[in-house]
file upload27.txt (compact mmCIF, C-alpha atoms)
# COMPACT_ATOMS: atom_id res chain seq x y z
CA MET A 1 -87.49 14.45 -129.14
CA GLN A 2 -83.83 15.08 -128.31
CA SER A 3 -81.41 14.44 -131.17
CA TYR A 4 -77.67 13.93 -130.97
CA GLY A 5 -75.07 14.51 -133.65
CA PHE A 6 -71.57 13.06 -133.61
CA VAL A 7 -68.68 14.76 -135.37
CA GLY A 8 -66.12 11.99 -135.39
CA THR A 9 -67.14 8.34 -135.48
CA GLY A 10 -64.53 6.33 -133.62
CA GLU A 11 -64.73 3.79 -130.84
CA LEU A 12 -65.86 6.34 -128.25
CA THR A 13 -68.75 7.51 -130.43
CA ALA A 14 -69.67 3.87 -131.07
CA ALA A 15 -69.79 3.20 -127.31
CA ILE A 16 -72.05 6.19 -126.61
CA VAL A 17 -74.39 5.42 -129.50
CA GLU A 18 -74.69 1.80 -128.41
CA GLY A 19 -75.49 2.88 -124.85
CA LEU A 20 -78.13 5.31 -126.11
CA SER A 21 -79.72 2.79 -128.46
CA ALA A 22 -79.34 -0.86 -127.47
CA ASP A 23 -82.51 -2.31 -125.91
CA VAL A 24 -84.00 1.17 -125.45
CA ALA A 25 -87.73 1.42 -126.14
CA GLU A 26 -87.61 4.97 -127.54
CA PRO A 27 -83.99 5.83 -128.33
CA PRO A 28 -83.08 9.36 -129.43
CA ALA A 29 -82.36 10.25 -133.03
CA VAL A 30 -78.63 9.94 -133.73
CA PHE A 31 -76.82 11.55 -136.68
CA LEU A 32 -73.35 10.27 -137.50
CA SER A 33 -70.33 11.66 -139.28
CA PRO A 34 -69.41 9.58 -142.34
CA ARG A 35 -65.66 9.92 -141.77
CA ASN A 36 -65.22 6.42 -140.35
CA HIS A 37 -67.29 4.49 -142.88
CA ASP A 38 -67.16 1.08 -141.21
CA ILE A 39 -68.11 2.18 -137.70
CA ALA A 40 -70.78 4.63 -138.87
CA HIS A 41 -72.51 2.18 -141.18
CA ASP A 42 -72.28 -0.65 -138.65
CA LEU A 43 -74.07 1.53 -136.07
CA ALA A 44 -76.74 2.53 -138.60
CA ALA A 45 -77.27 -1.11 -139.55
CA ARG A 46 -77.68 -2.16 -135.91
CA PHE A 47 -79.78 0.73 -134.63
CA PRO A 48 -82.72 2.15 -136.63
CA ASN A 49 -82.47 5.47 -134.76
CA ALA A 50 -78.96 6.07 -136.13
CA GLU A 51 -78.39 7.70 -139.51
CA VAL A 52 -75.14 8.29 -141.40
CA CYS A 53 -75.00 11.82 -142.80
CA ARG A 54 -73.30 12.91 -146.01
CA GLY A 55 -70.95 15.19 -144.11
CA ASN A 56 -70.32 16.83 -140.76
CA GLN A 57 -72.38 19.91 -141.64
CA GLU A 58 -75.41 17.69 -142.20
CA VAL A 59 -74.83 16.31 -138.69
CA LEU A 60 -75.10 19.85 -137.30
CA ASP A 61 -78.12 20.66 -139.45
CA ASN A 62 -80.07 17.75 -137.95
CA ALA A 63 -78.93 17.70 -134.33
CA THR A 64 -79.61 19.90 -131.31
CA THR A 65 -76.71 18.55 -129.22
CA VAL A 66 -73.44 17.98 -131.07
CA VAL A 67 -70.74 15.70 -129.64
CA VAL A 68 -67.28 16.46 -131.01
CA ALA A 69 -65.12 13.35 -130.77
CA VAL A 70 -62.09 13.87 -132.99
CA ARG A 71 -58.35 13.83 -132.31
CA PRO A 72 -57.00 17.02 -130.68
CA GLN A 73 -54.57 17.50 -133.56
CA VAL A 74 -57.36 17.91 -136.12
CA ALA A 75 -60.12 19.46 -134.00
CA ARG A 76 -59.56 23.07 -135.09
CA ASP A 77 -59.49 22.21 -138.80
CA VAL A 78 -62.59 20.01 -138.55
CA LEU A 79 -64.62 22.61 -136.65
CA ALA A 80 -63.48 25.50 -138.84
CA GLU A 81 -65.37 23.94 -141.76
CA LEU A 82 -68.69 23.89 -139.86
CA ALA A 83 -71.45 26.47 -139.32
CA PHE A 84 -72.84 26.17 -135.79
CA ARG A 85 -76.13 27.70 -134.68
CA PRO A 86 -76.57 29.80 -131.53
CA GLU A 87 -78.91 27.16 -130.07
CA HIS A 88 -76.48 24.27 -130.46
CA VAL A 89 -75.17 22.54 -127.33
CA VAL A 90 -71.59 21.55 -128.14
CA VAL A 91 -70.19 18.67 -126.10
CA SER A 92 -66.47 18.21 -126.64
CA ALA A 93 -64.78 14.88 -125.96
CA VAL A 94 -61.49 16.25 -127.31
CA ALA A 95 -58.78 15.82 -124.67
CA GLY A 96 -56.93 18.91 -123.57
CA VAL A 97 -58.77 21.50 -125.69
CA HIS A 98 -60.02 24.13 -123.28
CA LEU A 99 -63.30 26.01 -123.27
CA ASP A 100 -61.86 29.32 -124.45
CA ARG A 101 -60.45 27.73 -127.60
CA LEU A 102 -63.61 25.75 -128.24
CA ALA A 103 -65.69 28.92 -127.88
CA ALA A 104 -63.73 30.57 -130.68
CA TRP A 105 -64.07 27.53 -132.94
CA VAL A 106 -67.83 26.92 -132.54
CA ALA A 107 -69.22 30.47 -132.35
CA PRO A 108 -72.01 31.57 -132.35
CA ALA A 109 -72.85 28.52 -130.19
CA THR A 110 -72.23 29.42 -126.54
CA ARG A 111 -73.37 26.35 -124.58
CA ILE A 112 -70.10 24.42 -124.60
CA VAL A 113 -69.22 21.48 -122.36
CA ARG A 114 -66.00 19.50 -122.05
CA SER A 115 -66.47 15.82 -121.23
CA ILE A 116 -64.58 12.61 -120.60
CA PRO A 117 -66.97 9.76 -121.51
CA LEU A 118 -65.64 6.23 -121.03
CA PRO A 119 -65.89 3.18 -123.31
CA THR A 120 -68.18 1.56 -120.74
CA ALA A 121 -70.88 3.91 -122.06
CA SER A 122 -71.71 1.02 -124.41
CA ARG A 123 -73.29 -0.83 -121.48
CA ARG A 124 -74.50 2.32 -119.76
CA ALA A 125 -71.78 2.12 -117.12
CA SER A 126 -69.68 5.21 -117.89
CA ARG A 127 -68.94 7.67 -115.12
CA THR A 128 -68.53 10.75 -117.27
CA ALA A 129 -66.69 13.78 -115.93
CA MET A 130 -67.96 16.99 -117.55
CA TYR A 131 -67.54 20.73 -117.08
CA PRO A 132 -69.40 22.97 -116.79
CA GLY A 133 -72.72 21.55 -115.69
CA ASP A 134 -75.32 21.64 -118.47
CA ALA A 135 -78.77 20.06 -118.50
CA SER A 136 -78.57 18.72 -122.07
CA ALA A 137 -75.09 17.26 -121.63
CA ARG A 138 -76.10 15.75 -118.30
CA ALA A 139 -79.16 14.13 -119.90
CA LEU A 140 -76.94 12.62 -122.59
CA PHE A 141 -74.40 11.15 -120.21
CA GLU A 142 -76.91 10.04 -117.59
CA SER A 143 -78.44 7.95 -120.39
CA VAL A 144 -75.16 6.00 -120.57
CA GLY A 145 -74.14 5.94 -116.89
CA ASP A 146 -73.35 8.42 -114.12
CA VAL A 147 -72.05 12.00 -114.22
CA VAL A 148 -69.52 13.88 -112.11
CA VAL A 149 -69.07 17.65 -112.46
CA PRO A 150 -65.74 18.92 -111.06
CA ALA A 151 -65.48 22.31 -109.40
CA ASP A 152 -63.59 23.95 -112.27
CA GLU A 153 -61.96 23.29 -115.63
CA ALA A 154 -58.50 22.74 -114.15
CA THR A 155 -59.90 19.90 -112.05
CA LEU A 156 -61.43 18.37 -115.18
CA ASP A 157 -57.90 18.18 -116.60
CA THR A 158 -56.92 16.13 -113.56
CA PHE A 159 -59.70 13.65 -114.35
CA SER A 160 -58.50 13.57 -117.96
CA ALA A 161 -54.92 12.84 -116.91
CA ALA A 162 -56.12 9.93 -114.76
CA THR A 163 -57.71 8.29 -117.81
CA ALA A 164 -54.30 8.30 -119.53
CA THR A 165 -53.42 5.30 -117.36
CA PHE A 166 -55.79 2.87 -119.13
CA ALA A 167 -53.36 1.59 -121.75
CA ALA A 168 -50.53 1.31 -119.23
CA HIS A 169 -52.72 -0.72 -116.87
CA LEU A 170 -53.83 -3.06 -119.65
CA GLY A 171 -50.26 -3.25 -120.89
CA GLN A 172 -49.15 -4.37 -117.44
CA LEU A 173 -51.78 -7.12 -117.48
CA ALA A 174 -50.52 -8.17 -120.90
CA ALA A 175 -46.98 -8.22 -119.51
CA ILE A 176 -48.08 -10.44 -116.61
CA ALA A 177 -49.78 -12.87 -118.98
CA GLY A 178 -46.72 -12.80 -121.24
CA TRP A 179 -44.49 -13.54 -118.27
CA MET A 180 -46.68 -16.53 -117.39
CA ALA A 181 -46.46 -17.79 -120.96
CA GLY A 182 -42.68 -17.42 -120.80
CA HIS A 183 -42.74 -19.77 -117.82
CA GLY A 184 -44.61 -22.52 -119.61
CA VAL A 185 -48.28 -21.52 -119.32
CA ASP A 186 -50.29 -21.80 -122.53
CA PRO A 187 -50.68 -18.18 -123.77
CA ALA A 188 -54.46 -18.49 -124.13
CA ASP A 189 -54.73 -19.87 -120.60
CA ALA A 190 -52.52 -17.06 -119.28
CA ASP A 191 -54.66 -14.38 -120.94
CA ALA A 192 -57.87 -15.97 -119.71
CA TYR A 193 -56.55 -16.34 -116.17
CA ILE A 194 -55.37 -12.73 -115.88
CA ALA A 195 -58.57 -11.42 -117.47
CA HIS A 196 -60.60 -13.41 -114.93
CA VAL A 197 -58.52 -12.35 -111.92
CA TYR A 198 -58.64 -8.66 -112.73
CA GLY A 199 -62.20 -8.78 -114.01
CA GLU A 200 -63.29 -10.07 -110.63
CA LEU A 201 -61.09 -7.47 -108.92
CA GLY A 202 -63.04 -4.87 -110.87
CA ARG A 203 -66.27 -6.25 -109.43
CA THR A 204 -64.74 -5.96 -105.96
CA LEU A 205 -63.83 -2.34 -106.70
CA ALA A 206 -67.39 -1.57 -107.73
CA ARG A 207 -68.75 -2.92 -104.43
CA HIS A 208 -66.09 -1.36 -102.19
CA ASP A 209 -67.20 1.76 -100.30
CA GLY A 210 -63.91 2.63 -98.58
CA THR A 211 -60.71 4.15 -99.95
CA LEU A 212 -58.56 2.48 -102.59
CA GLU A 213 -55.64 2.38 -100.14
CA GLU A 214 -57.81 0.43 -97.69
CA LEU A 215 -58.70 -2.05 -100.44
CA ALA A 216 -55.03 -2.44 -101.35
CA ALA A 217 -54.22 -3.23 -97.73
CA LYS A 218 -56.87 -5.97 -97.70
CA HIS A 219 -55.04 -7.67 -100.58
CA MET A 220 -51.68 -7.75 -98.79
CA THR A 221 -50.34 -9.98 -96.05
CA PRO A 222 -47.46 -8.46 -94.05
CA GLY A 223 -44.29 -10.00 -95.42
CA GLY A 224 -46.26 -11.70 -98.25
CA ILE A 225 -45.80 -11.71 -102.00
CA ASN A 226 -48.34 -8.95 -102.74
CA GLU A 227 -46.49 -6.66 -100.36
CA GLN A 228 -43.18 -7.61 -101.99
CA PHE A 229 -44.38 -6.85 -105.51
CA ARG A 230 -45.98 -3.53 -104.50
CA ALA A 231 -42.72 -2.46 -102.87
CA THR A 232 -40.91 -3.20 -106.13
CA LEU A 233 -43.32 -1.04 -108.13
CA ARG A 234 -42.87 1.89 -105.74
CA ASP A 235 -39.53 2.48 -107.47
CA ILE A 236 -41.53 3.62 -110.53
CA PRO A 237 -43.52 6.69 -109.38
CA THR A 238 -47.00 6.76 -110.91
CA GLU A 239 -47.37 10.38 -109.83
CA ARG A 240 -44.48 11.48 -112.05
CA GLY A 241 -46.13 10.06 -115.15
CA LEU A 242 -49.47 11.66 -114.23
CA ASP A 243 -47.80 15.03 -113.62
CA GLU A 244 -46.26 14.88 -117.11
CA VAL A 245 -49.62 14.06 -118.72
CA LEU A 246 -51.36 16.85 -116.79
CA ALA A 247 -48.70 19.35 -117.87
CA ARG A 248 -49.36 18.37 -121.48
CA LEU A 249 -53.14 18.76 -121.06
CA GLU A 250 -52.79 22.16 -119.40
CA GLY A 251 -50.49 23.33 -122.16
CA GLN A 252 -52.76 22.34 -125.08

call {"tool": "encode", "arguments": {"input": "upload27.txt", "output": "structure tokens"}}
result
Amino acid sequence: MQSYGFVGTGELTAAIVEGLSADVAEPPAVFLSPRNHDIAHDLAARFPNAEVCRGNQEVLDNATTVVVAVRPQVARDVLAELAFRPEHVVVSAVAGVHLDRLAAWVAPATRIVRSIPLPTASRRASRTAMYPGDASARALFESVGDVVVPADEATLDTFSAATATFAAHLGQLAAIAGWMAGHGVDPADADAYIAHVYGELGRTLARHDGTLEELAAKHMTPGGINEQFRATLRDIPTERGLDEVLARLEGQ
């Protein structure tokens, strides 16, 4: 049976492990880093297939596919302490760390994949971008959603930069709810209303089979308030922010 090891036990690892394990008749064996005690032990308590190891090397000793999910700033130091085997499949979820650097850090393992799993893996709804294509990595991520394999590593960085917009998007929703509260709406009602409106918009997105620009047009009336607000936001170029994030990723 396939086994998965996780070096780094944060929220992303928790989402993948939940997607692999919850309500699954025969879930894979999962071996967890002990570094985040609370998350690791919560997962082990909830899912019998998950085990907290004594250290990261024990994770590698038990697993055939190893998911590295640590912060980019500490990735080299964490991996330098570990002895990989030639047969390991190493799946990196470390943003901006390219394959050539990973190859030096995890030798003699040679099957190395970069990936961008999403928190929606917890409900098996992630659309994970990964490069290069690899059967073991694909099997992992198809267990928690869909997979897209870009044409090359540079294109994967573009996918990664796009995910840098999550916090800004949620922050804008928080700002809208805060603005409503500032105009007399109960803060809890404002949060609930905005969450509902944009939650339902997400459902519309999932069902839409045209372009995003076409969908935006459907939500605007010429001369209406949606058109007015969108015109205001055009003064803040999204592309500039994305270009700056991409430059950072390419320079890691």

call {"tool": "residues_around", "arguments": {"input": "upload27.txt", "residues": "Val52 of chain A", "least_positions_apart": "4", "cutoff": "7 Å", "atoms": "all atoms listed in the file", "output": "list in words"}}
result
Phe31, Leu32, Ser33, Pro34, Ala40, His41 and Ala44 of chain A

call {"tool": "closest_residue", "arguments": {"input": "upload27.txt", "among": "A:Ala107, A:Val91, A:Ala216, A:Arg248", "to": "Ala135 of chain A", "atoms": "only C-alpha atoms"}}
result
A:Val91

call {"tool": "closest_residue", "arguments": {"input": "upload27.txt", "among": "A:Val90, A:Val197, A:Ala162, A:Val106", "to": "Pro132 of chain A", "atoms": "only C-alpha atoms"}}
result
A:Val90

call {"tool": "residues_around", "arguments": {"input": "upload27.txt", "residues": "Ala137 of chain A", "least_positions_apart": "6", "cutoff": "8 Å", "atoms": "all atoms listed in the file", "output": "VMD selection string"}}
result
chain A and resid 65 89 91 113

call {"tool": "residues_around", "arguments": {"input": "upload27.txt", "residues": "Ala14 of chain A", "least_positions_apart": "5", "cutoff": "10 Å", "atoms": "all atoms listed in the file", "output": "list in words"}}
result
Phe6, Gly8, Thr9, Gly19, Leu20, Leu32, Ile39, Ala40, Asp42, Leu43, Pro119, Ala121 and Ser122 of chain A

call {"tool": "write_last_selection", "arguments": {"input": "upload27.txt", "atoms": "C-alpha atoms", "output": "PDB file, in the frame of the given file"}}
result
ATOM      1  CA  PHE A   6     -71.570  13.060-133.610  1.00  0.00           C
ATOM      2  CA  GLY A   8     -66.120  11.990-135.390  1.00  0.00           C
ATOM      3  CA  THR A   9     -67.140   8.340-135.480  1.00  0.00           C
ATOM      4  CA  GLY A  19     -75.490   2.880-124.850  1.00  0.00           C
ATOM      5  CA  LEU A  20     -78.130   5.310-126.110  1.00  0.00           C
ATOM      6  CA  LEU A  32     -73.350  10.270-137.500  1.00  0.00           C
ATOM      7  CA  ILE A  39     -68.110   2.180-137.700  1.00  0.00           C
ATOM      8  CA  ALA A  40     -70.780   4.630-138.870  1.00  0.00           C
ATOM      9  CA  ASP A  42     -72.280  -0.650-138.650  1.00  0.00           C
ATOM     10  CA  LEU A  43     -74.070   1.530-136.070  1.00  0.00           C
ATOM     11  CA  PRO A 119     -65.890   3.180-123.310  1.00  0.00           C
ATOM     12  CA  ALA A 121     -70.880   3.910-122.060  1.00  0.00           C
ATOM     13  CA  SER A 122     -71.710   1.020-124.410  1.00  0.00           C
TER      14      SER A 122
END

call {"tool": "build_atoms", "arguments": {"input": "upload27.txt", "residues": "segment 110-121 of chain A", "atoms": "all heavy atoms", "output": "mmCIF file, in the coordinates of the input"}}
result
data_model
loop_
_atom_site.group_PDB
_atom_site.id
_atom_site.type_symbol
_atom_site.label_atom_id
_atom_site.label_comp_id
_atom_site.auth_asym_id
_atom_site.auth_seq_id
_atom_site.Cartn_x
_atom_site.Cartn_y
_atom_site.Cartn_z
ATOM 1 N N THR A 110 -72.837 28.987 -127.809
ATOM 2 C CA THR A 110 -72.230 29.420 -126.540
ATOM 3 C C THR A 110 -72.371 28.398 -125.425
ATOM 4 O O THR A 110 -71.695 28.530 -124.398
ATOM 5 C CB THR A 110 -72.858 30.752 -126.078
ATOM 6 O OG1 THR A 110 -74.274 30.588 -125.933
ATOM 7 C CG2 THR A 110 -72.561 31.869 -127.065
ATOM 8 N N ARG A 111 -73.255 27.408 -125.598
ATOM 9 C CA ARG A 111 -73.370 26.350 -124.580
ATOM 10 C C ARG A 111 -72.372 25.262 -124.941
ATOM 11 O O ARG A 111 -72.596 24.429 -125.810
ATOM 12 C CB ARG A 111 -74.791 25.793 -124.525
ATOM 13 C CG ARG A 111 -75.795 26.741 -123.890
ATOM 14 C CD ARG A 111 -77.194 26.162 -123.912
ATOM 15 N NE ARG A 111 -77.330 24.933 -123.144
ATOM 16 C CZ ARG A 111 -78.445 24.196 -123.111
ATOM 17 N NH1 ARG A 111 -79.517 24.586 -123.814
ATOM 18 N NH2 ARG A 111 -78.500 23.097 -122.401
ATOM 19 N N ILE A 112 -71.223 25.292 -124.268
ATOM 20 C CA ILE A 112 -70.100 24.420 -124.600
ATOM 21 C C ILE A 112 -69.701 23.659 -123.345
ATOM 22 O O ILE A 112 -69.539 24.246 -122.265
ATOM 23 C CB ILE A 112 -68.905 25.230 -125.119
ATOM 24 C CG1 ILE A 112 -69.337 26.125 -126.291
ATOM 25 C CG2 ILE A 112 -67.769 24.307 -125.555
ATOM 26 C CD1 ILE A 112 -68.333 27.205 -126.627
ATOM 27 N N VAL A 113 -69.541 22.356 -123.487
ATOM 28 C CA VAL A 113 -69.220 21.480 -122.360
ATOM 29 C C VAL A 113 -68.040 20.598 -122.744
ATOM 30 O O VAL A 113 -68.018 20.018 -123.837
ATOM 31 C CB VAL A 113 -70.426 20.598 -121.973
ATOM 32 C CG1 VAL A 113 -70.073 19.681 -120.808
ATOM 33 C CG2 VAL A 113 -71.637 21.447 -121.643
ATOM 34 N N ARG A 114 -67.064 20.498 -121.875
ATOM 35 C CA ARG A 114 -66.000 19.500 -122.050
ATOM 36 C C ARG A 114 -66.398 18.229 -121.302
ATOM 37 O O ARG A 114 -67.014 18.294 -120.225
ATOM 38 C CB ARG A 114 -64.668 20.013 -121.510
ATOM 39 C CG ARG A 114 -64.040 21.110 -122.350
ATOM 40 C CD ARG A 114 -62.710 21.543 -121.753
ATOM 41 N NE ARG A 114 -61.771 20.421 -121.693
ATOM 42 C CZ ARG A 114 -60.658 20.420 -120.958
ATOM 43 N NH1 ARG A 114 -60.381 21.454 -120.174
ATOM 44 N NH2 ARG A 114 -59.852 19.384 -120.969
ATOM 45 N N SER A 115 -66.039 17.082 -121.839
ATOM 46 C CA SER A 115 -66.470 15.820 -121.230
ATOM 47 C C SER A 115 -65.411 14.748 -121.406
ATOM 48 O O SER A 115 -64.574 14.816 -122.314
ATOM 49 C CB SER A 115 -67.787 15.353 -121.856
ATOM 50 O OG SER A 115 -67.582 15.026 -123.226
ATOM 51 N N ILE A 116 -65.479 13.759 -120.524
ATOM 52 C CA ILE A 116 -64.580 12.610 -120.600
ATOM 53 C C ILE A 116 -65.428 11.336 -120.502
ATOM 54 O O ILE A 116 -65.441 10.637 -119.475
ATOM 55 C CB ILE A 116 -63.527 12.626 -119.473
ATOM 56 C CG1 ILE A 116 -62.873 14.016 -119.363
ATOM 57 C CG2 ILE A 116 -62.437 11.569 -119.733
ATOM 58 C CD1 ILE A 116 -62.010 14.177 -118.122
ATOM 59 N N PRO A 117 -66.201 11.017 -121.539
ATOM 60 C CA PRO A 117 -66.970 9.760 -121.510
ATOM 61 C C PRO A 117 -66.028 8.565 -121.605
ATOM 62 O O PRO A 117 -64.924 8.660 -122.164
ATOM 63 C CB PRO A 117 -67.866 9.874 -122.749
ATOM 64 C CG PRO A 117 -67.178 10.840 -123.640
ATOM 65 C CD PRO A 117 -66.393 11.774 -122.776
ATOM 66 N N LEU A 118 -66.462 7.446 -121.070
ATOM 67 C CA LEU A 118 -65.640 6.230 -121.030
ATOM 68 C C LEU A 118 -66.219 5.162 -121.951
ATOM 69 O O LEU A 118 -67.423 5.171 -122.247
ATOM 70 C CB LEU A 118 -65.571 5.708 -119.598
ATOM 71 C CG LEU A 118 -65.062 6.714 -118.549
ATOM 72 C CD1 LEU A 118 -65.126 6.102 -117.154
ATOM 73 C CD2 LEU A 118 -63.648 7.169 -118.875
ATOM 74 N N PRO A 119 -65.391 4.239 -122.413
ATOM 75 C CA PRO A 119 -65.890 3.180 -123.310
ATOM 76 C C PRO A 119 -67.020 2.351 -122.715
ATOM 77 O O PRO A 119 -67.817 1.773 -123.458
ATOM 78 C CB PRO A 119 -64.641 2.318 -123.554
ATOM 79 C CG PRO A 119 -63.494 3.251 -123.345
ATOM 80 C CD PRO A 119 -63.927 4.177 -122.240
ATOM 81 N N THR A 120 -67.106 2.313 -121.384
ATOM 82 C CA THR A 120 -68.180 1.560 -120.740
ATOM 83 C C THR A 120 -69.553 2.195 -120.958
ATOM 84 O O THR A 120 -70.568 1.644 -120.520
ATOM 85 C CB THR A 120 -67.913 1.424 -119.237
ATOM 86 O OG1 THR A 120 -67.567 2.711 -118.702
ATOM 87 C CG2 THR A 120 -66.776 0.457 -118.968
ATOM 88 N N ALA A 121 -69.590 3.324 -121.654
ATOM 89 C CA ALA A 121 -70.880 3.910 -122.060
ATOM 90 C C ALA A 121 -71.686 2.910 -122.887
ATOM 91 O O ALA A 121 -72.916 2.957 -122.894
ATOM 92 C CB ALA A 121 -70.653 5.183 -122.864
#
